[in-house]
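**Q** I have a structure I would like to understand better, so I am pasting it below and will then ask my questions one at a time.
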Amino acid sequence: MSSAVCVRFITLRVVSSPTFYLQFQAPPLDVTSMISGGIHHPVLRKWQNNGRNLTKSMFIYPIFLSDDPDAEVVISSLPGQKRWGINKLEAFLGPLVKKGLKGVILFGVPEAMEKDPRGSPADDESTPVIQALKFLSKLFPQLMLTVDVCLCEYTSHGHCGILSSLPNPGHSNAPTVDPEASAQRIAEVAVAYAKAGAHCVAPSDMMDGRIKAIKLGLMHAGLGNRCALMSYSAKFASGLYGPFREAAGIPANFGNRKCYQLPPNARALARRAIVRDANEGADIIMVKPSLPYLDIISDCTQYAPNHPTACYQVSGEYAMIVAGAEKGIYGLKDMAFETTESMVRAGASIILTYFTPQFLDWLDEDQ
């Protein structure tokens, strides 16, 4: 039956060449078929974004802070990025602020400080994050200062929380975290950062209950209306964190983080975490990584519709894009725009990315 239908609509003509040509009549275009007229001009193409265009205020630039005040150390696996000492920040950030940099997120890299099981250096007055907060809030008073809150950079064991005193589970024979003790400690650190001048604290530890603990801690300190809370709600146990872990110097001394970061295929669990953190007092919900989890970014707009959605284009995503561009597979600018615009399309209104300095220039070029 199918071959008979083909004979009716397609005439097969054999010519002297061994090539065969199929002749058929395309149907006339209907009005519903014609959509290319709406994208023939650059401004028309912008309008297809439904108002969700990239702007400079969307970008947050991750900064790694060394406890060596004069440090300027190249991070080999993270192209174009460095660890910075506090004495280098003005010269580094000043030109970016003039170009329109609106926000940074600070990560401490304590190389000389003595670490312990509870991460005591995290909120020590001499820790690079607290020193930088005090310095930058005076130097650039309009710059939005977000601080990553976690213990892994500061604990002797390299994990993101306080370890449990209970016997190790038989299936793994590895220590586990103590959720309540961890939430308490994370809240203490977050409050210390808020007191030092943070406009926003962003706990990335993924400990259960830490959002409520931080929110209550901020309110108790009188800072609930002066410091926002951006939760890494859907942070997945990803293979894309490798360059970051080199940058921050935070490999776990044993095991991995799969018992508190989300499994990559756990969409329902991510939805639960999004709803939980929104209910516990988060002001902003974050997804990390970004490109492999666009569906989760979209879920944020449905399960926490009254909260801004942030996403972190993590170190591995950034490094892959740079590596592909260096191989000539695509243009760096084109792929940086394509990936970040896909995040905006999915629902993100805040993007943490190492491409932030380039976007400050690129967005001006596209005006």
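Each chain of the structure tokens is named A, B, ... in the order shown, its residues numbered from 1; ligands are numbered from 1 in display order.
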Quick one: residues within 12 Å of A:Tyr260, only C-alpha atoms, excluding same-chain residues fewer than 4 positions away - as an MDAnalysis selection string?
**A** chainID A and resid 159:161 176:179 182 204:209 233:237 255:256 269:270 273
**Q** Give me, as a PyMOL selection string, all polymer residues having an atom no more than 9 Å from A:Val189, counting only C-alpha atoms and skipping those fewer than 6 positions away in the same chain.
**A** chain A and resi 122-123+149-151+214
**Q** Generate a file of the selected residues that holds C-alpha atoms, formatted as a PDB file, in the first residue's frame.
**A**
```pdb
ATOM      1  CA  ALA A 122      35.900  29.860  58.187  1.00  0.00           C
ATOM      2  CA  ASP A 123      34.781  32.688  60.471  1.00  0.00           C
ATOM      3  CA  VAL A 149      29.246  29.568  52.785  1.00  0.00           C
ATOM      4  CA  CYS A 150      30.731  26.107  53.209  1.00  0.00           C
ATOM      5  CA  LEU A 151      33.156  24.309  55.492  1.00  0.00           C
ATOM      6  CA  ILE A 214      20.866  30.643  58.663  1.00  0.00           C
TER       7      ILE A 214
END
```
**Q** Find the spatial neighbours of stretch 338-345 of chain A, counting only C-alpha atoms, within a cut-off of 9 Å - ignore same-chain residues fewer than 3 positions away - and output them as a ChimeraX atom specification.
**A** /A:49,52-54,290-291,294,297-298,311,313,333-335,348-351,353
**Q** According to DSSP computed on the backbone, where in stretch 10-219 of chain A is there alpha helix (DSSP H)? Give the residues as a PDB file with C-alpha atoms, in the first residue's frame.
**A**
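Writing the result to states_35.pdb gives the following:
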```pdb
ATOM      1  CA  PRO A  42      18.724  41.969  14.690  1.00  0.00           C
ATOM      2  CA  VAL A  43      16.220  43.889  16.832  1.00  0.00           C
ATOM      3  CA  LEU A  44      13.439  41.527  15.799  1.00  0.00           C
ATOM      4  CA  ARG A  45      15.609  38.603  16.898  1.00  0.00           C
ATOM      5  CA  LYS A  46      16.070  40.247  20.315  1.00  0.00           C
ATOM      6  CA  TRP A  47      12.307  40.572  20.654  1.00  0.00           C
ATOM      7  CA  LEU A  89      41.772  43.231  44.465  1.00  0.00           C
ATOM      8  CA  GLU A  90      41.538  46.950  43.765  1.00  0.00           C
ATOM      9  CA  ALA A  91      43.651  46.783  40.602  1.00  0.00           C
ATOM     10  CA  PHE A  92      41.865  43.617  39.466  1.00  0.00           C
ATOM     11  CA  LEU A  93      38.249  44.563  40.156  1.00  0.00           C
ATOM     12  CA  GLY A  94      38.427  48.335  39.611  1.00  0.00           C
ATOM     13  CA  PRO A  95      38.381  48.179  35.789  1.00  0.00           C
ATOM     14  CA  LEU A  96      35.570  45.596  35.858  1.00  0.00           C
ATOM     15  CA  VAL A  97      33.431  47.762  38.134  1.00  0.00           C
ATOM     16  CA  LYS A  98      33.906  50.669  35.714  1.00  0.00           C
ATOM     17  CA  LYS A  99      32.687  48.412  32.892  1.00  0.00           C
ATOM     18  CA  PRO A 128      40.524  36.073  53.578  1.00  0.00           C
ATOM     19  CA  VAL A 129      36.771  36.261  52.974  1.00  0.00           C
ATOM     20  CA  ILE A 130      36.098  38.422  56.038  1.00  0.00           C
ATOM     21  CA  GLN A 131      39.079  40.619  55.270  1.00  0.00           C
ATOM     22  CA  ALA A 132      37.930  41.051  51.671  1.00  0.00           C
ATOM     23  CA  LEU A 133      34.341  41.834  52.677  1.00  0.00           C
ATOM     24  CA  LYS A 134      35.454  44.673  54.916  1.00  0.00           C
ATOM     25  CA  PHE A 135      37.825  45.991  52.250  1.00  0.00           C
ATOM     26  CA  LEU A 136      35.506  45.738  49.231  1.00  0.00           C
ATOM     27  CA  SER A 137      32.450  47.163  50.987  1.00  0.00           C
ATOM     28  CA  LYS A 138      34.400  50.373  51.531  1.00  0.00           C
ATOM     29  CA  LEU A 139      36.218  50.367  48.192  1.00  0.00           C
ATOM     30  CA  PRO A 179      23.090  17.425  59.908  1.00  0.00           C
ATOM     31  CA  GLU A 180      22.131  19.394  63.031  1.00  0.00           C
ATOM     32  CA  ALA A 181      25.681  20.187  64.092  1.00  0.00           C
ATOM     33  CA  SER A 182      26.526  21.088  60.495  1.00  0.00           C
ATOM     34  CA  ALA A 183      23.527  23.405  60.098  1.00  0.00           C
ATOM     35  CA  GLN A 184      24.436  25.154  63.350  1.00  0.00           C
ATOM     36  CA  ARG A 185      28.056  25.659  62.271  1.00  0.00           C
ATOM     37  CA  ILE A 186      27.122  26.812  58.759  1.00  0.00           C
ATOM     38  CA  ALA A 187      24.699  29.346  60.281  1.00  0.00           C
ATOM     39  CA  GLU A 188      27.436  30.707  62.559  1.00  0.00           C
ATOM     40  CA  VAL A 189      29.719  31.237  59.584  1.00  0.00           C
ATOM     41  CA  ALA A 190      26.977  32.865  57.498  1.00  0.00           C
ATOM     42  CA  VAL A 191      26.148  35.335  60.276  1.00  0.00           C
ATOM     43  CA  ALA A 192      29.840  36.206  60.638  1.00  0.00           C
ATOM     44  CA  TYR A 193      30.010  37.014  56.926  1.00  0.00           C
ATOM     45  CA  ALA A 194      26.869  39.133  57.128  1.00  0.00           C
ATOM     46  CA  LYS A 195      28.353  41.080  60.028  1.00  0.00           C
ATOM     47  CA  ALA A 196      31.510  41.648  57.954  1.00  0.00           C
ATOM     48  CA  ARG A 210      20.851  24.886  57.036  1.00  0.00           C
ATOM     49  CA  ILE A 211      18.594  27.421  55.275  1.00  0.00           C
ATOM     50  CA  LYS A 212      16.249  27.725  58.249  1.00  0.00           C
ATOM     51  CA  ALA A 213      19.200  27.837  60.631  1.00  0.00           C
ATOM     52  CA  ILE A 214      20.866  30.643  58.663  1.00  0.00           C
ATOM     53  CA  LYS A 215      17.675  32.646  58.329  1.00  0.00           C
ATOM     54  CA  LEU A 216      17.007  32.451  62.046  1.00  0.00           C
ATOM     55  CA  GLY A 217      20.639  33.325  62.752  1.00  0.00           C
ATOM     56  CA  LEU A 218      20.449  36.417  60.545  1.00  0.00           C
ATOM     57  CA  MET A 219      17.195  37.517  62.175  1.00  0.00           C
TER      58      MET A 219
END
```
**Q** Residues at most 9 Å from A:Ala228, counting only C-alpha atoms, excluding those fewer than 2 positions away in the same chain, as an MDAnalysis selection string?
**A** chainID A and resid 146 198:202 224:226 230 282:284
**Q** Please list as number ranges by chain every residue within 7 Å of A:Glu72, counting only C-alpha atoms and excluding residues in the same chain fewer than 5 positions away.
**A** A: 82-85
**Q** Select from stretch 46-278 of chain A everything DSSP, run on the backbone, classes as strand (DSSP E or B), then give the selection as an MDAnalysis selection string.
**A** chainID A and resid 59:66 72:74 82:84 103:109 116 144:149 155 163 177 200:203 228:236 262
**Q** Record the distance separating atom CA of A:Asn306 and atom CA of A:Tyr232, expressed in Å with one decimal.
**A**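 Computed distance, atom CA of A:Asn306 to atom CA of A:Tyr232, equals 16.5 Å.
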**Q** Find the residues near A:Tyr354: any atom within 9 Å, counting only C-alpha atoms, skip ones fewer than 5 places away on the same chain, and give them as JSON, numbers by chain.
**A** {"A": [60, 61, 62, 63, 78, 80, 81, 313, 314, 315, 318]}
**Q** Next, dump the selected residues to file, keeping only C-alpha atoms, as an mmCIF file, in the first residue's frame.
**A**
```cif
data_model
loop_
_atom_site.group_PDB
_atom_site.id
_atom_site.type_symbol
_atom_site.label_atom_id
_atom_site.label_comp_id
_atom_site.auth_asym_id
_atom_site.auth_seq_id
_atom_site.Cartn_x
_atom_site.Cartn_y
_atom_site.Cartn_z
ATOM 1 C CA ILE A 60 27.925 37.288 39.325
ATOM 2 C CA TYR A 61 31.682 36.798 39.016
ATOM 3 C CA PRO A 62 33.298 34.057 41.194
ATOM 4 C CA ILE A 63 36.488 35.280 42.918
ATOM 5 C CA LEU A 78 40.541 27.199 34.939
ATOM 6 C CA GLY A 80 42.095 33.007 32.658
ATOM 7 C CA GLN A 81 41.299 32.703 36.377
ATOM 8 C CA GLN A 313 27.899 27.788 35.103
ATOM 9 C CA VAL A 314 30.510 25.774 36.922
ATOM 10 C CA SER A 315 34.236 25.431 36.329
ATOM 11 C CA TYR A 318 33.469 26.958 31.506
#
```
**Q** Figure out the distance between atom CA of A:Met286 and atom CA of A:Leu352, please, to one decimal in Å.
**A**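 Here the two named atoms are 9.7 Å from each other.
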